[in-house]
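Pasting structure34.pdb here (PDB, C-alpha atoms, pLDDT in the B column):
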```pdb
ATOM      1  CA  MET A 257     144.281 111.918  72.510  1.00 38.00           C
ATOM      2  CA  SER A 258     140.799 111.884  70.987  1.00 37.00           C
ATOM      3  CA  GLU A 259     140.122 111.128  67.375  1.00 40.00           C
ATOM      4  CA  ALA A 260     138.281 113.491  65.063  1.00 39.00           C
ATOM      5  CA  GLY A 261     134.564 113.051  65.447  1.00 37.00           C
ATOM      6  CA  ASP A 262     134.874 111.505  68.940  1.00 37.00           C
ATOM      7  CA  THR A 263     131.791 112.562  70.897  1.00 36.00           C
ATOM      8  CA  SER A 264     132.738 111.074  74.252  1.00 36.00           C
ATOM      9  CA  PRO A 265     132.537 113.469  77.188  1.00 38.00           C
ATOM     10  CA  GLN A 266     135.667 115.432  77.959  1.00 38.00           C
ATOM     11  CA  PRO A 267     137.214 115.183  81.438  1.00 39.00           C
ATOM     12  CA  GLY A 268     135.336 117.419  83.843  1.00 41.00           C
ATOM     13  CA  LYS A 269     132.327 117.684  81.531  1.00 39.00           C
ATOM     14  CA  THR A 270     129.061 115.925  82.162  1.00 45.00           C
ATOM     15  CA  SER A 271     126.757 114.429  79.578  1.00 54.00           C
ATOM     16  CA  GLN A 272     123.765 115.064  81.838  1.00 65.00           C
ATOM     17  CA  PRO A 273     121.638 118.065  80.886  1.00 65.00           C
ATOM     18  CA  LYS A 274     121.647 120.969  83.312  1.00 80.00           C
ATOM     19  CA  ALA A 275     118.508 121.835  85.277  1.00 79.00           C
ATOM     20  CA  GLY A 276     118.342 125.215  83.527  1.00 90.00           C
ATOM     21  CA  ASP A 277     118.439 123.508  80.126  1.00 93.00           C
ATOM     22  CA  ARG A 278     115.431 121.395  81.106  1.00 95.00           C
ATOM     23  CA  ARG A 279     113.655 124.424  82.575  1.00 95.00           C
ATOM     24  CA  ARG A 280     114.046 126.238  79.245  1.00 96.00           C
ATOM     25  CA  ALA A 281     112.887 123.089  77.412  1.00 97.00           C
ATOM     26  CA  ARG A 282     109.728 123.009  79.541  1.00 97.00           C
ATOM     27  CA  ALA A 283     109.014 126.690  78.963  1.00 97.00           C
ATOM     28  CA  LEU A 284     109.409 126.355  75.197  1.00 97.00           C
ATOM     29  CA  ALA A 285     107.320 123.176  75.102  1.00 98.00           C
ATOM     30  CA  MET A 286     104.578 124.918  77.097  1.00 97.00           C
ATOM     31  CA  GLN A 287     104.638 127.849  74.666  1.00 97.00           C
ATOM     32  CA  GLY A 288     104.461 125.430  71.738  1.00 97.00           C
ATOM     33  CA  LEU A 289     101.460 123.679  73.293  1.00 97.00           C
ATOM     34  CA  TYR A 290      99.823 127.055  73.894  1.00 96.00           C
ATOM     35  CA  GLN A 291     100.417 127.967  70.253  1.00 95.00           C
ATOM     36  CA  ARG A 292      98.967 124.624  69.130  1.00 95.00           C
ATOM     37  CA  HIS A 293      95.840 125.335  71.193  1.00 92.00           C
ATOM     38  CA  PHE A 294      95.024 128.296  68.972  1.00 93.00           C
ATOM     39  CA  SER A 295      96.673 127.597  65.637  1.00 93.00           C
ATOM     40  CA  LYS A 296      95.899 123.885  65.244  1.00 87.00           C
ATOM     41  CA  SER A 297      99.122 123.719  63.183  1.00 93.00           C
ATOM     42  CA  PRO A 298     100.774 120.301  62.975  1.00 95.00           C
ATOM     43  CA  ILE A 299     102.998 119.728  66.004  1.00 96.00           C
ATOM     44  CA  SER A 300     105.953 119.085  63.691  1.00 96.00           C
ATOM     45  CA  ASP A 301     105.530 122.572  62.197  1.00 96.00           C
ATOM     46  CA  ILE A 302     105.418 124.152  65.644  1.00 96.00           C
ATOM     47  CA  GLU A 303     108.505 122.203  66.696  1.00 96.00           C
ATOM     48  CA  ALA A 304     110.399 123.301  63.576  1.00 96.00           C
ATOM     49  CA  GLU A 305     109.351 126.928  64.083  1.00 96.00           C
ATOM     50  CA  PHE A 306     110.545 126.898  67.699  1.00 95.00           C
ATOM     51  CA  MET A 307     113.848 125.284  66.714  1.00 95.00           C
ATOM     52  CA  VAL A 308     114.486 128.066  64.171  1.00 95.00           C
ATOM     53  CA  ASP A 309     113.101 131.036  66.097  1.00 95.00           C
ATOM     54  CA  ASN A 310     114.746 130.369  69.485  1.00 93.00           C
ATOM     55  CA  ASP A 311     118.303 130.133  70.732  1.00 94.00           C
ATOM     56  CA  MET A 312     118.436 126.418  71.510  1.00 94.00           C
ATOM     57  CA  SER A 313     122.068 126.406  72.672  1.00 93.00           C
ATOM     58  CA  LYS A 314     121.026 126.260  76.336  1.00 93.00           C
ATOM     59  CA  VAL A 315     117.964 124.058  75.904  1.00 95.00           C
ATOM     60  CA  ASP A 316     117.738 120.307  76.413  1.00 95.00           C
ATOM     61  CA  ILE A 317     116.475 119.769  72.868  1.00 96.00           C
ATOM     62  CA  MET A 318     115.670 116.092  73.343  1.00 96.00           C
ATOM     63  CA  TYR A 319     113.573 116.940  76.401  1.00 96.00           C
ATOM     64  CA  PHE A 320     111.831 119.767  74.535  1.00 97.00           C
ATOM     65  CA  ARG A 321     110.921 117.382  71.711  1.00 97.00           C
ATOM     66  CA  ASP A 322     109.786 114.649  74.086  1.00 97.00           C
ATOM     67  CA  LEU A 323     107.533 117.032  76.001  1.00 98.00           C
ATOM     68  CA  LEU A 324     106.046 118.721  72.947  1.00 97.00           C
ATOM     69  CA  ARG A 325     105.419 115.511  71.015  1.00 97.00           C
ATOM     70  CA  GLY A 326     104.466 113.469  74.075  1.00 98.00           C
ATOM     71  CA  VAL A 327     101.870 115.887  75.415  1.00 98.00           C
ATOM     72  CA  HIS A 328     100.397 116.240  71.928  1.00 97.00           C
ATOM     73  CA  ARG A 329     100.270 112.459  71.421  1.00 97.00           C
ATOM     74  CA  GLU A 330      98.865 111.738  74.904  1.00 97.00           C
ATOM     75  CA  GLN A 331      96.550 114.762  75.175  1.00 97.00           C
ATOM     76  CA  ALA A 332      93.256 112.841  75.380  1.00 97.00           C
ATOM     77  CA  GLU A 333      94.623 110.513  78.073  1.00 98.00           C
ATOM     78  CA  LEU A 334      96.204 113.414  79.978  1.00 98.00           C
ATOM     79  CA  ASP A 335      92.913 115.313  79.925  1.00 98.00           C
ATOM     80  CA  LYS A 336      91.137 112.274  81.416  1.00 98.00           C
ATOM     81  CA  LEU A 337      93.718 112.180  84.207  1.00 97.00           C
ATOM     82  CA  ILE A 338      93.416 115.924  84.884  1.00 97.00           C
ATOM     83  CA  GLU A 339      89.636 116.392  84.727  1.00 97.00           C
ATOM     84  CA  PRO A 340      88.755 114.903  88.144  1.00 97.00           C
ATOM     85  CA  PHE A 341      90.959 117.529  89.800  1.00 97.00           C
ATOM     86  CA  LEU A 342      89.578 120.582  87.989  1.00 96.00           C
ATOM     87  CA  ASP A 343      87.231 123.082  89.601  1.00 91.00           C
ATOM     88  CA  ARG A 344      85.688 123.917  86.216  1.00 93.00           C
ATOM     89  CA  PRO A 345      85.152 122.281  82.829  1.00 96.00           C
ATOM     90  CA  LEU A 346      88.348 121.627  80.857  1.00 95.00           C
ATOM     91  CA  LYS A 347      87.278 124.009  78.070  1.00 94.00           C
ATOM     92  CA  GLU A 348      87.089 126.850  80.621  1.00 96.00           C
ATOM     93  CA  VAL A 349      90.657 126.430  81.877  1.00 96.00           C
ATOM     94  CA  ASP A 350      92.970 129.249  80.839  1.00 95.00           C
ATOM     95  CA  PRO A 351      95.034 128.023  77.832  1.00 96.00           C
ATOM     96  CA  VAL A 352      98.368 128.840  79.523  1.00 97.00           C
ATOM     97  CA  GLU A 353      97.425 126.990  82.693  1.00 97.00           C
ATOM     98  CA  LEU A 354      96.033 124.107  80.642  1.00 97.00           C
ATOM     99  CA  ALA A 355      99.302 123.766  78.726  1.00 98.00           C
ATOM    100  CA  ILE A 356     101.246 123.795  82.015  1.00 98.00           C
ATOM    101  CA  VAL A 357      98.988 121.228  83.680  1.00 98.00           C
ATOM    102  CA  ARG A 358      99.108 118.927  80.638  1.00 98.00           C
ATOM    103  CA  LEU A 359     102.886 119.226  80.569  1.00 98.00           C
ATOM    104  CA  GLY A 360     103.092 118.406  84.282  1.00 98.00           C
ATOM    105  CA  ALA A 361     100.676 115.510  83.870  1.00 98.00           C
ATOM    106  CA  TYR A 362     102.830 114.115  81.083  1.00 98.00           C
ATOM    107  CA  GLU A 363     105.955 114.367  83.202  1.00 98.00           C
ATOM    108  CA  LEU A 364     104.240 112.722  86.172  1.00 98.00           C
ATOM    109  CA  LYS A 365     102.914 109.901  83.993  1.00 97.00           C
ATOM    110  CA  CYS A 366     105.733 109.305  81.517  1.00 97.00           C
ATOM    111  CA  ARG A 367     108.919 110.829  82.930  1.00 96.00           C
ATOM    112  CA  ILE A 368     109.381 108.998  86.200  1.00 93.00           C
ATOM    113  CA  ASP A 369     113.048 109.993  86.062  1.00 94.00           C
ATOM    114  CA  VAL A 370     111.889 113.462  87.158  1.00 95.00           C
ATOM    115  CA  PRO A 371     110.899 113.655  90.853  1.00 96.00           C
ATOM    116  CA  TYR A 372     107.279 114.647  91.390  1.00 96.00           C
ATOM    117  CA  LYS A 373     108.318 117.643  93.527  1.00 96.00           C
ATOM    118  CA  VAL A 374     110.372 118.972  90.606  1.00 96.00           C
ATOM    119  CA  VAL A 375     107.400 118.573  88.253  1.00 97.00           C
ATOM    120  CA  ILE A 376     105.115 120.486  90.610  1.00 98.00           C
ATOM    121  CA  ASN A 377     107.662 123.222  91.334  1.00 97.00           C
ATOM    122  CA  GLU A 378     108.451 123.737  87.654  1.00 97.00           C
ATOM    123  CA  GLY A 379     104.728 123.971  86.881  1.00 98.00           C
ATOM    124  CA  ILE A 380     104.212 126.553  89.619  1.00 98.00           C
ATOM    125  CA  GLU A 381     107.162 128.621  88.407  1.00 97.00           C
ATOM    126  CA  MET A 382     105.901 128.580  84.802  1.00 97.00           C
ATOM    127  CA  ALA A 383     102.428 129.600  85.968  1.00 97.00           C
ATOM    128  CA  LYS A 384     103.895 132.515  87.925  1.00 97.00           C
ATOM    129  CA  ARG A 385     105.887 133.589  84.890  1.00 96.00           C
ATOM    130  CA  PHE A 386     103.344 133.050  82.102  1.00 95.00           C
ATOM    131  CA  GLY A 387      99.936 132.595  83.733  1.00 92.00           C
ATOM    132  CA  GLY A 388      97.356 134.729  85.432  1.00 90.00           C
ATOM    133  CA  THR A 389      97.722 136.253  88.885  1.00 91.00           C
ATOM    134  CA  GLU A 390      96.427 133.223  90.798  1.00 92.00           C
ATOM    135  CA  GLY A 391      97.238 130.628  88.126  1.00 94.00           C
ATOM    136  CA  HIS A 392     100.076 129.106  90.113  1.00 97.00           C
ATOM    137  CA  LYS A 393      97.634 128.087  92.861  1.00 97.00           C
ATOM    138  CA  PHE A 394      95.473 126.252  90.339  1.00 97.00           C
ATOM    139  CA  VAL A 395      98.499 124.505  88.792  1.00 97.00           C
ATOM    140  CA  ASN A 396      99.807 123.538  92.236  1.00 97.00           C
ATOM    141  CA  SER A 397      96.457 122.103  93.300  1.00 97.00           C
ATOM    142  CA  VAL A 398      95.940 120.001  90.178  1.00 98.00           C
ATOM    143  CA  LEU A 399      99.501 118.672  89.931  1.00 98.00           C
ATOM    144  CA  ASP A 400      99.690 117.938  93.667  1.00 97.00           C
ATOM    145  CA  LYS A 401      96.500 115.844  93.559  1.00 96.00           C
ATOM    146  CA  LEU A 402      97.540 114.149  90.329  1.00 97.00           C
ATOM    147  CA  SER A 403     100.970 113.296  91.745  1.00 97.00           C
ATOM    148  CA  ARG A 404      99.304 111.414  94.598  1.00 95.00           C
ATOM    149  CA  ARG A 405      97.471 109.286  92.045  1.00 95.00           C
ATOM    150  CA  LEU A 406     100.312 108.724  89.557  1.00 95.00           C
ATOM    151  CA  ARG A 407     103.270 108.640  91.952  1.00 95.00           C
ATOM    152  CA  LEU A 408     101.760 106.967  95.002  1.00 90.00           C
ATOM    153  CA  ALA A 409     104.972 105.265  96.122  1.00 87.00           C
ATOM    154  CA  GLU A 410     106.930 108.491  95.751  1.00 87.00           C
ATOM    155  CA  THR A 411     104.386 110.747  97.487  1.00 84.00           C
ATOM    156  CA  ARG A 412     103.450 108.396 100.332  1.00 82.00           C
ATOM    157  CA  PRO A 413     104.523 109.736 103.743  1.00 79.00           C
ATOM    158  CA  ARG A 414     107.380 107.748 105.213  1.00 71.00           C
TER
END
```

For this file, write the structure as structure tokens.
Amino acid sequence: MSEAGDTSPQPGKTSQPKAGDRRRARALAMQGLYQRHFSKSPISDIEAEFMVDNDMSKVDIMYFRDLLRGVHREQAELDKLIEPFLDRPLKEVDPVELAIVRLGAYELKCRIDVPYKVVINEGIEMAKRFGGTEGHKFVNSVLDKLSRRLRLAETRPR
């Protein structure tokens, strides 16, 4: 019998977030980064707005916050990592694709708990959903090359 306020997992329930919850967290974080690109609002304001304006019941909220805050905090470093793999100047990259690539770069660099193939696939899927017609090819190219630099042991052929 559990006591009131007990937050331990119930039998048959997992405390691990579902893949779909993380996928929604990534999509919302990408949209928040896109919004930040144009509004220049403080990231905390954007986070609060997204928390109020979206149904967060099926979102990994901690992951959403980590991605949004982490990409914002690490943006200059992420841009330095990304730039060698771009086919155009950073300022000419479509803002949606830029948000996706920065998000993927952050995950590759800071979230080693997420396999590099998942990072790339999620980036491609977001680009297909939110980006331009050929945007997914650009995202795939950049994240694939970056993964070989940041995740050498994981990407090395066996």

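The coordinates place atom CA of Leu354 of chain A at 9.8 Å from atom CA of Gly387 of chain A.
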
Query - Selection under test: the PyMOL selection byres ((chain A and resi 364) around 10); residues as a ChimeraX atom specification - result: /A:358-363,365-376,399,402-407

Requested in this report: Run the PyMOL selection byres ((chain A and resi 324-339) around 9) mentally over the shown coordinates, then write out the matched residues as a ChimeraX atom specification, using the chain letters and numbers from the document.
Outcome: /A:282,284-286,288-289,292,299-300,303,319-323,340-346,355,357-359,361-363,365-366,398-399,402

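Taking atom CA of Phe386 of chain A and atom CA of Glu410 of chain A as endpoints, the distance between them is 28.3 Å.
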
Query raised in the report: In Å to one decimal, how far is atom CA of Ala283 of chain A from atom CA of Lys401 of chain A?
Result: 22.1 Å

Requested in this report: Between A:Val349, A:Ile356, A:Lys296, A:Asp309, single out the one closest to Arg385 of chain A, counting all atoms listed in the file.
Outcome: A:Ile356

Query raised in the report: Around (114.8, 122.5, 79.7) in the file's frame, which residues reach within 7 Å when counting only C-alpha atoms? Return as a PyMOL selection string?
Result: chain A and resi 275-282+315-316+319-320

Starting from the block above, write segment 281-299 of chain A out to a file with N, CA and C atoms, as an mmCIF file, in the first residue's frame, please.
```
data_model
loop_
_atom_site.group_PDB
_atom_site.id
_atom_site.type_symbol
_atom_site.label_atom_id
_atom_site.label_comp_id
_atom_site.auth_asym_id
_atom_site.auth_seq_id
_atom_site.Cartn_x
_atom_site.Cartn_y
_atom_site.Cartn_z
ATOM 1 N N ALA A 281 9.052 17.126 -27.319
ATOM 2 C CA ALA A 281 9.937 18.070 -26.630
ATOM 3 C C ALA A 281 10.896 18.724 -27.621
ATOM 4 N N ARG A 282 11.447 17.919 -28.529
ATOM 5 C CA ARG A 282 12.357 18.456 -29.548
ATOM 6 C C ARG A 282 11.635 19.444 -30.456
ATOM 7 N N ALA A 283 10.451 19.077 -30.896
ATOM 8 C CA ALA A 283 9.699 19.950 -31.805
ATOM 9 C C ALA A 283 9.374 21.280 -31.134
ATOM 10 N N LEU A 284 8.953 21.239 -29.886
ATOM 11 C CA LEU A 284 8.646 22.486 -29.177
ATOM 12 C C LEU A 284 9.905 23.305 -28.926
ATOM 13 N N ALA A 285 10.999 22.641 -28.566
ATOM 14 C CA ALA A 285 12.255 23.362 -28.348
ATOM 15 C C ALA A 285 12.713 24.026 -29.648
ATOM 16 N N MET A 286 12.599 23.308 -30.764
ATOM 17 C CA MET A 286 12.980 23.884 -32.054
ATOM 18 C C MET A 286 12.127 25.112 -32.364
ATOM 19 N N GLN A 287 10.822 25.023 -32.101
ATOM 20 C CA GLN A 287 9.943 26.162 -32.352
ATOM 21 C C GLN A 287 10.296 27.335 -31.431
ATOM 22 N N GLY A 288 10.656 27.033 -30.194
ATOM 23 C CA GLY A 288 11.079 28.088 -29.277
ATOM 24 C C GLY A 288 12.363 28.759 -29.743
ATOM 25 N N LEU A 289 13.302 27.974 -30.247
ATOM 26 C CA LEU A 289 14.552 28.531 -30.769
ATOM 27 C C LEU A 289 14.297 29.375 -32.023
ATOM 28 N N TYR A 290 13.384 28.911 -32.847
ATOM 29 C CA TYR A 290 12.985 29.672 -34.037
ATOM 30 C C TYR A 290 12.384 31.015 -33.609
ATOM 31 N N GLN A 291 11.503 30.965 -32.623
ATOM 32 C CA GLN A 291 10.881 32.193 -32.123
ATOM 33 C C GLN A 291 11.947 33.143 -31.561
ATOM 34 N N ARG A 292 12.894 32.608 -30.838
ATOM 35 C CA ARG A 292 13.968 33.412 -30.245
ATOM 36 C C ARG A 292 14.789 34.089 -31.332
ATOM 37 N N HIS A 293 14.963 33.417 -32.456
ATOM 38 C CA HIS A 293 15.732 33.957 -33.581
ATOM 39 C C HIS A 293 15.173 35.309 -34.032
ATOM 40 N N PHE A 294 13.852 35.421 -34.019
ATOM 41 C CA PHE A 294 13.214 36.639 -34.496
ATOM 42 C C PHE A 294 12.849 37.615 -33.392
ATOM 43 N N SER A 295 12.401 37.111 -32.268
ATOM 44 C CA SER A 295 11.882 37.994 -31.223
ATOM 45 C C SER A 295 12.954 38.549 -30.301
ATOM 46 N N LYS A 296 14.035 37.806 -30.128
ATOM 47 C CA LYS A 296 15.098 38.172 -29.185
ATOM 48 C C LYS A 296 14.578 38.275 -27.751
ATOM 49 N N SER A 297 13.404 37.691 -27.480
ATOM 50 C CA SER A 297 12.856 37.654 -26.124
ATOM 51 C C SER A 297 13.762 36.808 -25.249
ATOM 52 N N PRO A 298 13.785 37.066 -23.949
ATOM 53 C CA PRO A 298 14.563 36.201 -23.054
ATOM 54 C C PRO A 298 14.076 34.756 -23.172
ATOM 55 N N ILE A 299 15.022 33.823 -23.118
ATOM 56 C CA ILE A 299 14.673 32.408 -23.282
ATOM 57 C C ILE A 299 13.704 31.953 -22.198
#
```
